[in-house]
file upload18.pdb (PDB, N, CA and C atoms)
ATOM      1  N   MET A   1      82.728 103.112 104.350
ATOM      2  CA  MET A   1      84.067 103.592 104.091
ATOM      3  C   MET A   1      84.964 103.439 105.314
ATOM      4  N   LYS A   2      84.376 103.600 106.491
ATOM      5  CA  LYS A   2      85.174 103.478 107.702
ATOM      6  C   LYS A   2      85.716 102.062 107.846
ATOM      7  N   LYS A   3      84.936 101.066 107.432
ATOM      8  CA  LYS A   3      85.409  99.687 107.497
ATOM      9  C   LYS A   3      86.583  99.479 106.557
ATOM     10  N   LEU A   4      86.510 100.068 105.364
ATOM     11  CA  LEU A   4      87.603  99.945 104.406
ATOM     12  C   LEU A   4      88.842 100.660 104.917
ATOM     13  N   ASP A   5      88.663 101.862 105.471
ATOM     14  CA  ASP A   5      89.795 102.593 106.056
ATOM     15  C   ASP A   5      90.455 101.761 107.152
ATOM     16  N   SER A   6      89.641 101.186 108.001
ATOM     17  CA  SER A   6      90.143 100.370 109.105
ATOM     18  C   SER A   6      90.885  99.146 108.587
ATOM     19  N   ALA A   7      90.335  98.504 107.565
ATOM     20  CA  ALA A   7      90.981  97.324 106.994
ATOM     21  C   ALA A   7      92.323  97.680 106.372
ATOM     22  N   ILE A   8      92.388  98.806 105.694
ATOM     23  CA  ILE A   8      93.656  99.222 105.084
ATOM     24  C   ILE A   8      94.684  99.543 106.164
ATOM     25  N   LYS A   9      94.256 100.183 107.239
ATOM     26  CA  LYS A   9      95.187 100.475 108.342
ATOM     27  C   LYS A   9      95.712  99.184 108.958
ATOM     28  N   ARG A  10      94.832  98.205 109.181
ATOM     29  CA  ARG A  10      95.265  96.929 109.755
ATOM     30  C   ARG A  10      96.216  96.216 108.798
ATOM     31  N   PHE A  11      95.894  96.255 107.504
ATOM     32  CA  PHE A  11      96.742  95.627 106.501
ATOM     33  C   PHE A  11      98.123  96.281 106.478
ATOM     34  N   SER A  12      98.150  97.604 106.495
ATOM     35  CA  SER A  12      99.418  98.331 106.488
ATOM     36  C   SER A  12     100.238  98.001 107.727
ATOM     37  N   SER A  13      99.581  97.935 108.867
ATOM     38  CA  SER A  13     100.270  97.608 110.110
ATOM     39  C   SER A  13     100.867  96.202 110.043
ATOM     40  N   ALA A  14     100.097  95.254 109.536
ATOM     41  CA  ALA A  14     100.590  93.881 109.410
ATOM     42  C   ALA A  14     101.763  93.820 108.447
ATOM     43  N   LEU A  15     101.684  94.570 107.368
ATOM     44  CA  LEU A  15     102.765  94.599 106.391
ATOM     45  C   LEU A  15     104.035  95.186 107.005
ATOM     46  N   GLU A  16     103.889  96.239 107.775
ATOM     47  CA  GLU A  16     105.056  96.833 108.442
ATOM     48  C   GLU A  16     105.676  95.857 109.441
ATOM     49  N   ARG A  17     104.831  95.125 110.174
ATOM     50  CA  ARG A  17     105.366  94.127 111.113
ATOM     51  C   ARG A  17     106.109  93.023 110.365
ATOM     52  N   LEU A  18     105.570  92.617 109.209
ATOM     53  CA  LEU A  18     106.229  91.605 108.396
ATOM     54  C   LEU A  18     107.577  92.108 107.895
ATOM     55  N   GLU A  19     107.615  93.347 107.427
ATOM     56  CA  GLU A  19     108.880  93.932 106.969
ATOM     57  C   GLU A  19     109.911  93.943 108.087
ATOM     58  N   THR A  20     109.480  94.367 109.267
ATOM     59  CA  THR A  20     110.386  94.419 110.419
ATOM     60  C   THR A  20     110.900  93.028 110.761
ATOM     61  N   ALA A  21     110.003  92.057 110.788
ATOM     62  CA  ALA A  21     110.404  90.688 111.114
ATOM     63  C   ALA A  21     111.373  90.136 110.068
ATOM     64  N   ALA A  22     111.111  90.438 108.801
ATOM     65  CA  ALA A  22     111.988  89.961 107.729
ATOM     66  C   ALA A  22     113.372  90.593 107.840
ATOM     67  N   GLN A  23     113.432  91.877 108.180
ATOM     68  CA  GLN A  23     114.716  92.553 108.332
ATOM     69  C   GLN A  23     115.482  92.015 109.530
ATOM     70  N   GLU A  24     114.764  91.736 110.618
ATOM     71  CA  GLU A  24     115.419  91.184 111.807
ATOM     72  C   GLU A  24     115.915  89.768 111.553
ATOM     73  N   LYS A  25     115.181  89.022 110.746
ATOM     74  CA  LYS A  25     115.520  87.632 110.459
ATOM     75  C   LYS A  25     116.655  87.519 109.449
ATOM     76  N   ALA A  26     116.835  88.529 108.605
ATOM     77  CA  ALA A  26     117.810  88.473 107.511
ATOM     78  C   ALA A  26     119.217  88.122 107.972
ATOM     79  N   PRO A  27     119.782  88.776 109.020
ATOM     80  CA  PRO A  27     121.137  88.412 109.416
ATOM     81  C   PRO A  27     121.237  86.972 109.895
ATOM     82  N   VAL A  28     120.226  86.477 110.557
ATOM     83  CA  VAL A  28     120.241  85.109 111.046
ATOM     84  C   VAL A  28     120.179  84.131 109.888
ATOM     85  N   THR A  29     119.309  84.388 108.929
ATOM     86  CA  THR A  29     119.168  83.477 107.800
ATOM     87  C   THR A  29     120.352  83.578 106.847
ATOM     88  N   ASN A  30     121.013  84.709 106.813
ATOM     89  CA  ASN A  30     122.195  84.820 105.957
ATOM     90  C   ASN A  30     123.266  83.847 106.413
ATOM     91  N   GLY A  31     123.490  83.755 107.703
ATOM     92  CA  GLY A  31     124.458  82.804 108.230
ATOM     93  C   GLY A  31     124.001  81.377 108.013
ATOM     94  N   ALA A  32     122.729  81.146 108.145
ATOM     95  CA  ALA A  32     122.191  79.803 107.955
ATOM     96  C   ALA A  32     122.230  79.400 106.490
ATOM     97  N   ALA A  33     122.221  80.358 105.599
ATOM     98  CA  ALA A  33     122.222  80.046 104.168
ATOM     99  C   ALA A  33     123.470  79.291 103.766
ATOM    100  N   HIS A  34     124.606  79.669 104.324
ATOM    101  CA  HIS A  34     125.853  78.975 103.996
ATOM    102  C   HIS A  34     125.818  77.550 104.518
ATOM    103  N   ALA A  35     125.228  77.354 105.661
ATOM    104  CA  ALA A  35     125.194  76.033 106.278
ATOM    105  C   ALA A  35     124.163  75.125 105.623
ATOM    106  N   SER A  36     123.116  75.666 105.061
ATOM    107  CA  SER A  36     122.049  74.825 104.513
ATOM    108  C   SER A  36     121.976  74.903 102.989
ATOM    109  N   ASN A  37     123.102  75.184 102.339
ATOM    110  CA  ASN A  37     123.189  75.181 100.870
ATOM    111  C   ASN A  37     122.170  76.080 100.187
ATOM    112  N   GLY A  38     121.946  77.246 100.720
ATOM    113  CA  GLY A  38     121.097  78.230 100.061
ATOM    114  C   GLY A  38     119.621  78.127 100.365
ATOM    115  N   ALA A  39     119.198  77.212 101.208
ATOM    116  CA  ALA A  39     117.770  77.074 101.516
ATOM    117  C   ALA A  39     117.235  78.346 102.159
ATOM    118  N   ALA A  40     118.010  78.924 103.056
ATOM    119  CA  ALA A  40     117.574  80.158 103.710
ATOM    120  C   ALA A  40     117.523  81.306 102.705
ATOM    121  N   HIS A  41     118.456  81.318 101.772
ATOM    122  CA  HIS A  41     118.455  82.370 100.749
ATOM    123  C   HIS A  41     117.196  82.266  99.885
ATOM    124  N   THR A  42     116.807  81.052  99.555
ATOM    125  CA  THR A  42     115.575  80.833  98.794
ATOM    126  C   THR A  42     114.374  81.329  99.581
ATOM    127  N   PHE A  43     114.367  81.033 100.877
ATOM    128  CA  PHE A  43     113.286  81.492 101.749
ATOM    129  C   PHE A  43     113.234  83.016 101.760
ATOM    130  N   GLU A  44     114.398  83.662 101.841
ATOM    131  CA  GLU A  44     114.453  85.128 101.834
ATOM    132  C   GLU A  44     113.893  85.686 100.530
ATOM    133  N   ARG A  45     114.228  85.051  99.412
ATOM    134  CA  ARG A  45     113.699  85.510  98.131
ATOM    135  C   ARG A  45     112.184  85.354  98.084
ATOM    136  N   GLU A  46     111.670  84.256  98.612
ATOM    137  CA  GLU A  46     110.224  84.041  98.635
ATOM    138  C   GLU A  46     109.542  85.099  99.504
ATOM    139  N   ILE A  47     110.149  85.399 100.640
ATOM    140  CA  ILE A  47     109.597  86.433 101.526
ATOM    141  C   ILE A  47     109.633  87.785 100.813
ATOM    142  N   ALA A  48     110.720  88.079 100.123
ATOM    143  CA  ALA A  48     110.838  89.361  99.414
ATOM    144  C   ALA A  48     109.767  89.474  98.324
ATOM    145  N   VAL A  49     109.522  88.384  97.617
ATOM    146  CA  VAL A  49     108.491  88.389  96.569
ATOM    147  C   VAL A  49     107.124  88.611  97.198
ATOM    148  N   GLU A  50     106.839  87.897  98.279
ATOM    149  CA  GLU A  50     105.553  88.042  98.967
ATOM    150  C   GLU A  50     105.394  89.454  99.522
ATOM    151  N   LEU A  51     106.460  89.986 100.080
ATOM    152  CA  LEU A  51     106.428  91.344 100.629
ATOM    153  C   LEU A  51     106.166  92.359  99.525
ATOM    154  N   SER A  52     106.780  92.163  98.394
ATOM    155  CA  SER A  52     106.551  93.048  97.253
ATOM    156  C   SER A  52     105.098  92.980  96.795
ATOM    157  N   ALA A  53     104.546  91.784  96.758
ATOM    158  CA  ALA A  53     103.139  91.628  96.361
ATOM    159  C   ALA A  53     102.220  92.319  97.364
ATOM    160  N   LEU A  54     102.533  92.198  98.644
ATOM    161  CA  LEU A  54     101.723  92.860  99.667
ATOM    162  C   LEU A  54     101.802  94.381  99.547
ATOM    163  N   LYS A  55     102.979  94.891  99.231
ATOM    164  CA  LYS A  55     103.128  96.340  99.042
ATOM    165  C   LYS A  55     102.304  96.812  97.847
ATOM    166  N   GLU A  56     102.311  96.029  96.779
ATOM    167  CA  GLU A  56     101.500  96.378  95.610
ATOM    168  C   GLU A  56     100.023  96.365  95.966
ATOM    169  N   ASP A  57      99.605  95.367  96.741
ATOM    170  CA  ASP A  57      98.207  95.300  97.180
ATOM    171  C   ASP A  57      97.847  96.514  98.016
ATOM    172  N   ARG A  58      98.739  96.894  98.912
ATOM    173  CA  ARG A  58      98.491  98.057  99.765
ATOM    174  C   ARG A  58      98.343  99.316  98.915
ATOM    175  N   ALA A  59      99.209  99.486  97.936
ATOM    176  CA  ALA A  59      99.129 100.655  97.054
ATOM    177  C   ALA A  59      97.832 100.635  96.248
ATOM    178  N   ARG A  60      97.463  99.458  95.753
ATOM    179  CA  ARG A  60      96.227  99.331  94.983
ATOM    180  C   ARG A  60      95.014  99.649  95.856
ATOM    181  N   LEU A  61      95.017  99.149  97.089
ATOM    182  CA  LEU A  61      93.911  99.429  98.005
ATOM    183  C   LEU A  61      93.835 100.909  98.356
ATOM    184  N   ALA A  62      94.980 101.533  98.538
ATOM    185  CA  ALA A  62      94.989 102.967  98.834
ATOM    186  C   ALA A  62      94.429 103.763  97.657
ATOM    187  N   ASP A  63      94.803 103.382  96.446
ATOM    188  CA  ASP A  63      94.263 104.047  95.252
ATOM    189  C   ASP A  63      92.755 103.848  95.156
ATOM    190  N   GLU A  64      92.317 102.625  95.423
ATOM    191  CA  GLU A  64      90.886 102.325  95.366
ATOM    192  C   GLU A  64      90.130 103.124  96.424
ATOM    193  N   LEU A  65      90.697 103.245  97.600
ATOM    194  CA  LEU A  65      90.065 104.021  98.659
ATOM    195  C   LEU A  65      89.931 105.486  98.248
ATOM    196  N   THR A  66      90.970 106.038  97.661
ATOM    197  CA  THR A  66      90.928 107.419  97.195
ATOM    198  C   THR A  66      89.836 107.590  96.145
ATOM    199  N   ARG A  67      89.768 106.663  95.190
ATOM    200  CA  ARG A  67      88.758 106.724  94.141
ATOM    201  C   ARG A  67      87.352 106.638  94.737
ATOM    202  N   LEU A  68      87.171 105.732  95.692
ATOM    203  CA  LEU A  68      85.861 105.573  96.312
ATOM    204  C   LEU A  68      85.463 106.798  97.128
ATOM    205  N   ASN A  69      86.424 107.428  97.782
ATOM    206  CA  ASN A  69      86.124 108.650  98.527
ATOM    207  C   ASN A  69      85.674 109.769  97.594
ATOM    208  N   VAL A  70      86.344 109.901  96.467
ATOM    209  CA  VAL A  70      85.952 110.919  95.479
ATOM    210  C   VAL A  70      84.551 110.619  94.954
ATOM    211  N   GLU A  71      84.294 109.352  94.668
ATOM    212  CA  GLU A  71      82.971 108.953  94.172
ATOM    213  C   GLU A  71      81.896 109.217  95.233
ATOM    214  N   LYS A  72      82.210 108.924  96.470
ATOM    215  CA  LYS A  72      81.252 109.152  97.556
ATOM    216  C   LYS A  72      80.892 110.627  97.669
ATOM    217  N   ILE A  73      81.883 111.495  97.572
ATOM    218  CA  ILE A  73      81.638 112.936  97.661
ATOM    219  C   ILE A  73      80.752 113.391  96.497
ATOM    220  N   ALA A  74      81.036 112.867  95.306
ATOM    221  CA  ALA A  74      80.214 113.222  94.145
ATOM    222  C   ALA A  74      78.779 112.741  94.325
ATOM    223  N   LEU A  75      78.626 111.534  94.844
ATOM    224  CA  LEU A  75      77.280 110.992  95.056
ATOM    225  C   LEU A  75      76.529 111.765  96.133
ATOM    226  N   GLU A  76      77.240 112.216  97.156
ATOM    227  CA  GLU A  76      76.588 113.019  98.193
ATOM    228  C   GLU A  76      76.053 114.315  97.601
ATOM    229  N   GLY A  77      76.827 114.946  96.746
ATOM    230  CA  GLY A  77      76.378 116.170  96.086
ATOM    231  C   GLY A  77      75.169 115.907  95.206
ATOM    232  N   PHE A  78      75.212 114.811  94.462
ATOM    233  CA  PHE A  78      74.092 114.443  93.596
ATOM    234  C   PHE A  78      72.844 114.166  94.428
ATOM    235  N   THR A  79      73.010 113.456  95.537
ATOM    236  CA  THR A  79      71.887 113.138  96.419
ATOM    237  C   THR A  79      71.256 114.410  96.970
ATOM    238  N   ASP A  80      72.095 115.351  97.388
ATOM    239  CA  ASP A  80      71.573 116.625  97.899
ATOM    240  C   ASP A  80      70.781 117.367  96.820
ATOM    241  N   GLU A  81      71.299 117.355  95.599
ATOM    242  CA  GLU A  81      70.604 118.030  94.495
ATOM    243  C   GLU A  81      69.251 117.383  94.218
ATOM    244  N   VAL A  82      69.221 116.056  94.166
ATOM    245  CA  VAL A  82      67.974 115.336  93.915
ATOM    246  C   VAL A  82      66.980 115.597  95.044
ATOM    247  N   ALA A  83      67.452 115.577  96.289
ATOM    248  CA  ALA A  83      66.557 115.835  97.428
ATOM    249  C   ALA A  83      65.949 117.233  97.323
ATOM    250  N   GLY A  84      66.752 118.210  96.950
ATOM    251  CA  GLY A  84      66.249 119.570  96.784
ATOM    252  C   GLY A  84      65.197 119.656  95.695
ATOM    253  N   ARG A  85      65.429 118.994  94.586
ATOM    254  CA  ARG A  85      64.458 119.000  93.484
ATOM    255  C   ARG A  85      63.154 118.323  93.905
ATOM    256  N   LEU A  86      63.277 117.210  94.620
ATOM    257  CA  LEU A  86      62.069 116.513  95.082
ATOM    258  C   LEU A  86      61.266 117.380  96.052
ATOM    259  N   GLU A  87      61.957 118.038  96.958
ATOM    260  CA  GLU A  87      61.259 118.919  97.894
ATOM    261  C   GLU A  87      60.536 120.040  97.154
ATOM    262  N   GLY A  88      61.171 120.606  96.141
ATOM    263  CA  GLY A  88      60.537 121.650  95.328
ATOM    264  C   GLY A  88      59.321 121.121  94.596
ATOM    265  N   ALA A  89      59.443 119.933  94.027
ATOM    266  CA  ALA A  89      58.310 119.340  93.307
ATOM    267  C   ALA A  89      57.154 119.059  94.260
ATOM    268  N   ILE A  90      57.464 118.577  95.454
ATOM    269  CA  ILE A  90      56.419 118.306  96.450
ATOM    270  C   ILE A  90      55.708 119.601  96.828
ATOM    271  N   ARG A  91      56.454 120.675  97.025
ATOM    272  CA  ARG A  91      55.852 121.976  97.350
ATOM    273  C   ARG A  91      54.921 122.438  96.238
ATOM    274  N   GLU A  92      55.371 122.295  94.998
ATOM    275  CA  GLU A  92      54.544 122.714  93.862
ATOM    276  C   GLU A  92      53.267 121.880  93.768
ATOM    277  N   ILE A  93      53.379 120.586  93.970
ATOM    278  CA  ILE A  93      52.196 119.716  93.923
ATOM    279  C   ILE A  93      51.222 120.098  95.044
ATOM    280  N   ARG A  94      51.740 120.324  96.214
ATOM    281  CA  ARG A  94      50.872 120.723  97.334
ATOM    282  C   ARG A  94      50.175 122.071  97.041
ATOM    283  N   ALA A  95      50.909 122.977  96.428
ATOM    284  CA  ALA A  95      50.323 124.279  96.104
ATOM    285  C   ALA A  95      49.199 124.109  95.080
ATOM    286  N   VAL A  96      49.403 123.267  94.088
ATOM    287  CA  VAL A  96      48.378 123.022  93.078
ATOM    288  C   VAL A  96      47.170 122.348  93.723
ATOM    289  N   LEU A  97      47.406 121.389  94.576
ATOM    290  CA  LEU A  97      46.299 120.674  95.234
ATOM    291  C   LEU A  97      45.532 121.585  96.206
ATOM    292  N   ALA A  98      46.216 122.567  96.746
ATOM    293  CA  ALA A  98      45.567 123.464  97.700
ATOM    294  C   ALA A  98      44.587 124.411  97.008
ATOM    295  N   HIS A  99      44.710 124.646  95.744
ATOM    296  CA  HIS A  99      43.821 125.573  95.029
ATOM    297  C   HIS A  99      42.585 124.924  94.606
TER     298      HIS A  99
END
call {"tool": "encode", "arguments": {"input": "upload18.pdb", "output": "structure tokens"}}
result
Amino acid sequence: MKKLDSAIKRFSSALERLETAAQEKAPVTNGAAHASNGAAHTFEREIAVELSALKEDRARLADELTRLNVEKIALEGFTDEVAGRLEGAIREIRAVLAH
């Protein structure tokens, strides 16, 4: 889980850097758009679409992480219960064998 948490943090950081770079680039490309017949505007739209897809991925990964954390907690509880039952069964078997 720590690897997944780390990957999501790195992904989020990269996405934020991309957003910042796109915002900083926007005024420059807006001026260039008039000079290059809309090529820069097309590029901005492509970046916006890609950025939107990355945001959706980040949200999906965050949801998946939450789901996996809940599942992990449930499995830990189940594991503890099974371990307790096994220990009890082992004690009972040893008691029977001791007689």
call {"tool": "axis_aligned_box", "arguments": {"input": "upload18.pdb", "around": "stretch 74-81 of chain A", "padding_each_side": "5 Å", "output": "JSON"}}
result
{"center_x": 75.1, "center_y": 114.5, "center_z": 95.9, "size_x": 21.8, "size_y": 17.0, "size_z": 14.6}
call {"tool": "atom_distance", "arguments": {"input": "upload18.pdb", "atom1": "atom CA of A:Glu56", "atom2": "atom CA of A:His41"}}
result
22.6 Å
call {"tool": "atom_distance", "arguments": {"input": "upload18.pdb", "atom1": "atom CA of A:Thr42", "atom2": "atom CA of A:Ser12"}}
result
25.0 Å
call {"tool": "resolve_selection", "arguments": {"input": "upload18.pdb", "expression": "the PyMOL selection byres (((chain A and resi 15 and name CA) around 12) and name CA)", "output": "PyMOL selection string"}}
result
chain A and resi 8-14+16-22+47-48+50-59
call {"tool": "atom_distance", "arguments": {"input": "upload18.pdb", "atom1": "atom CA of A:Leu65", "atom2": "atom CA of A:Leu4"}}
result
7.5 Å
